[in-house]
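Chemist: Please see the structure below; I have some questions.
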Amino acid sequence: MVDLQSINSRVGCPRISGGYRRLLFGVPAERAGALEVNAVAGSVLSNEDERRGIALARRQPGAARELTELFERVRVRALRVAEADDVVRERLSQGRVRLLGADYDEDKPDERGRPRRLGRLYFYDYDRGTAVVVSVDLRGGHVVGLAERRGVHLRPSDEEIGQARELVLRSELGREFAGRQVSVVAFAGRTVDEDDPTWSHRRLELHLWSTEPPPRRLVSAVVDLTDGRVQRYDEDREG
């Protein structure tokens, strides 16, 4: 039996909550959309995909590009399956909902002892302050679950980081650095107290660094992507 979990260990993906994660997470949509996608009818992850993934994982780091492209193709297929589902499509049409990323996961084995291959698609609803998680059966090619979680702060996507960077550079905190080459370090904002009005807001912790040597931190901010506010990062409060 092909074991995709070995791919995770070979490429350094950590195990979280009983499943190996981050295989498909954070792939830019424009890159994935540009790839040729030839999904097997009724399947998102074919037996050939699994065999190829194992073979590529064994050739790391030399085959990193090919492995990444394989994961991108699987991600696009899973997203197409999700968007074709009536329940998912209806939920995604309600408010400002954006895809943040995707993971590979495994569920308990079936009656033949084979682990269930799952794709987890992570969306965020900025109006309701909820993470929307869609689970796709990769072998069966259909949606098997939709769950919503409030107060969950997912890893920021490239699109969110770019949006937060622009908000900082247009704000009083970062205006003086506009036009300069800067590097960005970003994290999901640590949650505030549950009774705080912004508890369910999508918040990113953003640190801008100079690119010329020696590198130095220029500004740190907490960016609220729900309402567009930018505040100075308070290490005592946020830490």
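Chain labels A, B, ... are given in the sequence in which chains occur in the structure tokens; within each chain residues are numbered consecutively from 1, and ligands are likewise numbered from 1 in the order shown.
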Extract, using only C-alpha atoms, all DNA, RNA and protein residues at most 8 Å from segment 195-201 of chain A, discarding same-chain residues fewer than 4 positions from it, and format them as a PyMOL selection string.
Modeler: chain A and resi 126+128-130+150-152+191+224-226
Chemist: Within 10 Å of segment 73-91 of chain A, which residues of segment 134-230 of chain A come that close, and what is the closest atom pair and distance in Å for each? Count only C-alpha atoms and give it as CSV.
Modeler:
residue,atom,partner,partner_atom,distance
A:Val134,CA,A:Ala82,CA,7.2
A:Ser135,CA,A:Ala82,CA,8.2
A:Val136,CA,A:Ala78,CA,6.4
A:Asp137,CA,A:Ala78,CA,8.5
A:Leu138,CA,A:Ala78,CA,7.1
A:Gly141,CA,A:Val81,CA,6.7
A:His142,CA,A:Val81,CA,6.2
A:Val143,CA,A:Ala82,CA,6.2
A:Val144,CA,A:Ala82,CA,9.6
A:Gly145,CA,A:Val88,CA,9.2
A:Leu146,CA,A:Val88,CA,7.3
Chemist: Let me see the file: selected residues, C-alpha atoms, as a PDB file, in the first residue's frame.
Modeler:
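Saved the output as result_36.pdb:
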ATOM      1  CA  VAL A 134     -14.291  21.823   3.788  1.00  0.00           C
ATOM      2  CA  SER A 135     -13.170  18.173   3.737  1.00  0.00           C
ATOM      3  CA  VAL A 136     -12.839  16.377   0.406  1.00  0.00           C
ATOM      4  CA  ASP A 137     -12.421  12.618  -0.008  1.00  0.00           C
ATOM      5  CA  LEU A 138      -9.457  12.565  -2.380  1.00  0.00           C
ATOM      6  CA  GLY A 141     -13.785  12.822  -5.354  1.00  0.00           C
ATOM      7  CA  HIS A 142     -16.599  14.235  -3.216  1.00  0.00           C
ATOM      8  CA  VAL A 143     -17.155  16.510  -0.223  1.00  0.00           C
ATOM      9  CA  VAL A 144     -17.507  14.649   3.079  1.00  0.00           C
ATOM     10  CA  GLY A 145     -17.776  17.526   5.533  1.00  0.00           C
ATOM     11  CA  LEU A 146     -18.140  21.249   6.158  1.00  0.00           C
TER      12      LEU A 146
END
Chemist: Just how far from atom CA of Glu194 of chain A is atom CA of Ser220 of chain A, in Å to one decimal?
Modeler: 23.7 Å
Chemist: Name the closest residue to Asp127 of chain A among the candidates A:Leu167, A:Ala147, A:Leu92, A:Val230; distances are taken between atoms, counting only C-alpha atoms.
Modeler: A:Leu92
Chemist: Pick out each residue of segment 79-210 of chain A that DSSP on the backbone tags as strand (DSSP E); I need them as JSON, numbers by chain.
Modeler: {"A": [97, 98, 99, 100, 101, 102, 103, 104, 105, 106, 107, 116, 117, 118, 119, 120, 121, 122, 123, 124, 125, 130, 131, 132, 133, 134, 135, 136, 137, 142, 143, 144, 145, 146, 147, 148, 149, 150, 182, 183, 184, 185, 186, 187, 188, 203, 204, 205, 206, 207, 208, 209, 210]}
Chemist: Neighbours of Glu160 of chain A within 10 Å (only C-alpha atoms; same-chain residues fewer than 3 positions away dropped), as a VMD selection string?
Modeler: chain A and resid 98 100 155 to 157 163 to 166 186 202 to 204 225
Chemist: Which residue is closest to Leu99 of chain A? Choose from A:Leu154, A:Leu45, A:Gln181, A:Arg59 and count only C-alpha atoms.
Modeler: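 Of A:Leu154, A:Leu45, A:Gln181, A:Arg59, the one nearest Leu99 of chain A is A:Leu154, counting only C-alpha atoms.
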Chemist: Leaving out segment 209-216 of chain A and any residue of its chain fewer than 5 positions from it, which residues lie within 7 Å of it when counting only C-alpha atoms, given as a list in words?
Modeler: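 Here the qualifying residues turn out to be Gln181, Val182, Ser183 and Val184 of chain A.
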Chemist: So which residues of segment 134-186 of chain A fall under alpha helix (DSSP H) by DSSP, listed as a list in words?
Modeler: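 Taking segment 134-186 of chain A and keeping alpha helix (DSSP H) gives Asp158, Glu159, Glu160, Ile161, Gly162, Gln163, Ala164, Arg165, Glu166, Leu167, Val168, Leu169 and Arg170 of chain A.
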Chemist: By how many Å are atom CA of Leu206 of chain A and atom CA of Asp103 of chain A apart?
Modeler: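 These two atoms are separated by 23.6 Å.
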